[in-house]
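Colleague: The following block contains the structure, expressed as structure tokens.
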Amino acid sequence: MNRIVGFYDRGVRLAASHITEGLALLLLRIALAGVFWRSGQTKVVEGSFLQIDPSQYDLFGSEFSGLPLDPVFAVPLTTYAEHLFPALLLLGLATRLSAGALLVMTLVIQIFVFPDAWWPVHSLWAAMAAILIVRGGGLFSLDALVDRMRRK
């Protein structure tokens, strides 16, 4: 029995190491960023650099009409946020701020656009963002590099 407990304890120490946590947080950043980046890409003209597809204004005016913002403001705000914050997450720069912004976006989508999508979609996005807000970007992030440089 002691061997089993010892084996388990070694596995827990390995899984809880700084490097393993950093890899898990990197994977989490990539996963959450991917969701919002792909959504942002649906709002721009293919092949352009953030040129908003004019059809998005009609879409936001009809299908997403529950949003409390006029499409004139909502479309650019959403489009640029869905590109900026995922890019920052991939770099691990301003991770907590970026994850917080994506959590707010998730809640807005949940409340005003797709209220029936909490389980399983939005709950997973919210959980991923919450973990990044609490834990930060991890070892493999620019946040960690900046923190190490500040300490010197």
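Within each chain, counting starts at residue 1; across the structure tokens, chains are named A, B, ... in the order shown, with ligands numbered 1 upward in that order.
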Could you list, as a list of chain:residue names, every residue within 10 Å of stretch 108-118 of chain A, counting only C-alpha atoms and ignoring same-chain residues fewer than 6 positions away?
Modeller: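 My reading of the contact set: A:Phe60, A:Glu63, A:Phe64, A:Ser65, A:Gly66, A:Leu67, A:Pro68, A:Leu102, A:Leu124, A:Trp125, A:Ala126.
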Colleague: Hey, can you spit out that residue selection with N, CA and C atoms as a tab-separated table (two decimals), in the first residue's frame?
Modeller:
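File produced: out.tsv:
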chain	number	residue	atom	x	y	z
A	60	PHE	N	-25.84	41.78	-36.96
A	60	PHE	CA	-25.97	42.28	-35.60
A	60	PHE	C	-27.31	42.99	-35.39
A	63	GLU	N	-30.13	39.15	-36.17
A	63	GLU	CA	-29.94	37.97	-35.33
A	63	GLU	C	-29.42	38.29	-33.94
A	64	PHE	N	-28.61	39.31	-33.81
A	64	PHE	CA	-28.03	39.67	-32.52
A	64	PHE	C	-28.68	40.95	-31.98
A	65	SER	N	-29.94	41.13	-32.30
A	65	SER	CA	-30.63	42.37	-31.94
A	65	SER	C	-30.81	42.55	-30.43
A	66	GLY	N	-30.59	41.51	-29.66
A	66	GLY	CA	-30.72	41.62	-28.21
A	66	GLY	C	-29.59	42.39	-27.55
A	67	LEU	N	-28.52	42.63	-28.28
A	67	LEU	CA	-27.39	43.38	-27.71
A	67	LEU	C	-27.82	44.79	-27.35
A	68	PRO	N	-27.37	45.30	-26.22
A	68	PRO	CA	-27.76	46.65	-25.81
A	68	PRO	C	-27.02	47.77	-26.55
A	102	LEU	N	-12.47	38.56	-22.36
A	102	LEU	CA	-13.16	37.47	-23.04
A	102	LEU	C	-14.25	36.86	-22.16
A	124	LEU	N	-17.89	26.41	-20.53
A	124	LEU	CA	-16.48	26.04	-20.75
A	124	LEU	C	-15.62	27.27	-21.02
A	125	TRP	N	-16.12	28.18	-21.83
A	125	TRP	CA	-15.37	29.42	-22.10
A	125	TRP	C	-15.17	30.20	-20.81
A	126	ALA	N	-16.23	30.30	-20.00
A	126	ALA	CA	-16.15	31.03	-18.74
A	126	ALA	C	-15.15	30.36	-17.79
Colleague: Per DSSP on the backbone, what are the helix (DSSP H, G or I) residues of stretch 13-126 of chain A, as a count of residues only?
Modeller: 84
Colleague: Would you pick out the contacts of A:Ala81 at 9 Å or less, using only C-alpha atoms, so that residues sharing its chain but fewer than 4 positions from it are not included, and give the list as number ranges by chain?
Modeller: A: 36, 40, 76-77, 85-86, 101-102, 105
Colleague: Would you mind exporting C-alpha atoms of the selected residues as a PDB file, in the first residue's frame?
Modeller:
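What follows is the written file part.pdb:
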ATOM      1  CA  PHE A  36     -12.576  33.983 -30.167  1.00  0.00           C
ATOM      2  CA  GLY A  40     -13.425  37.383 -35.162  1.00  0.00           C
ATOM      3  CA  PRO A  76     -16.249  47.121 -34.660  1.00  0.00           C
ATOM      4  CA  LEU A  77     -15.956  46.672 -30.893  1.00  0.00           C
ATOM      5  CA  PHE A  85      -7.490  39.758 -26.801  1.00  0.00           C
ATOM      6  CA  PRO A  86      -6.822  36.335 -28.382  1.00  0.00           C
ATOM      7  CA  ALA A 101     -12.306  40.797 -21.406  1.00  0.00           C
ATOM      8  CA  LEU A 102     -13.160  37.466 -23.041  1.00  0.00           C
ATOM      9  CA  MET A 105     -17.726  38.947 -23.910  1.00  0.00           C
TER      10      MET A 105
END
Colleague: Residues within 9 Å of A:Thr79, please, as a VMD selection string. Count only C-alpha atoms; anything in the same chain fewer than 4 positions from it doesn't count.
Modeller: chain A and resid 39 to 44 50 52 74 to 75 83 to 84
Colleague: Atom CA of A:Ala144 to atom CA of A:Ala16: how many Å, to one decimal?
Modeller: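 Atom CA of A:Ala144 sits 17.6 Å away from atom CA of A:Ala16.
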Colleague: By how many Å are atom CA of A:Ile133 and atom CA of A:Ala99 apart?
Modeller: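 These two atoms are separated by 6.0 Å.
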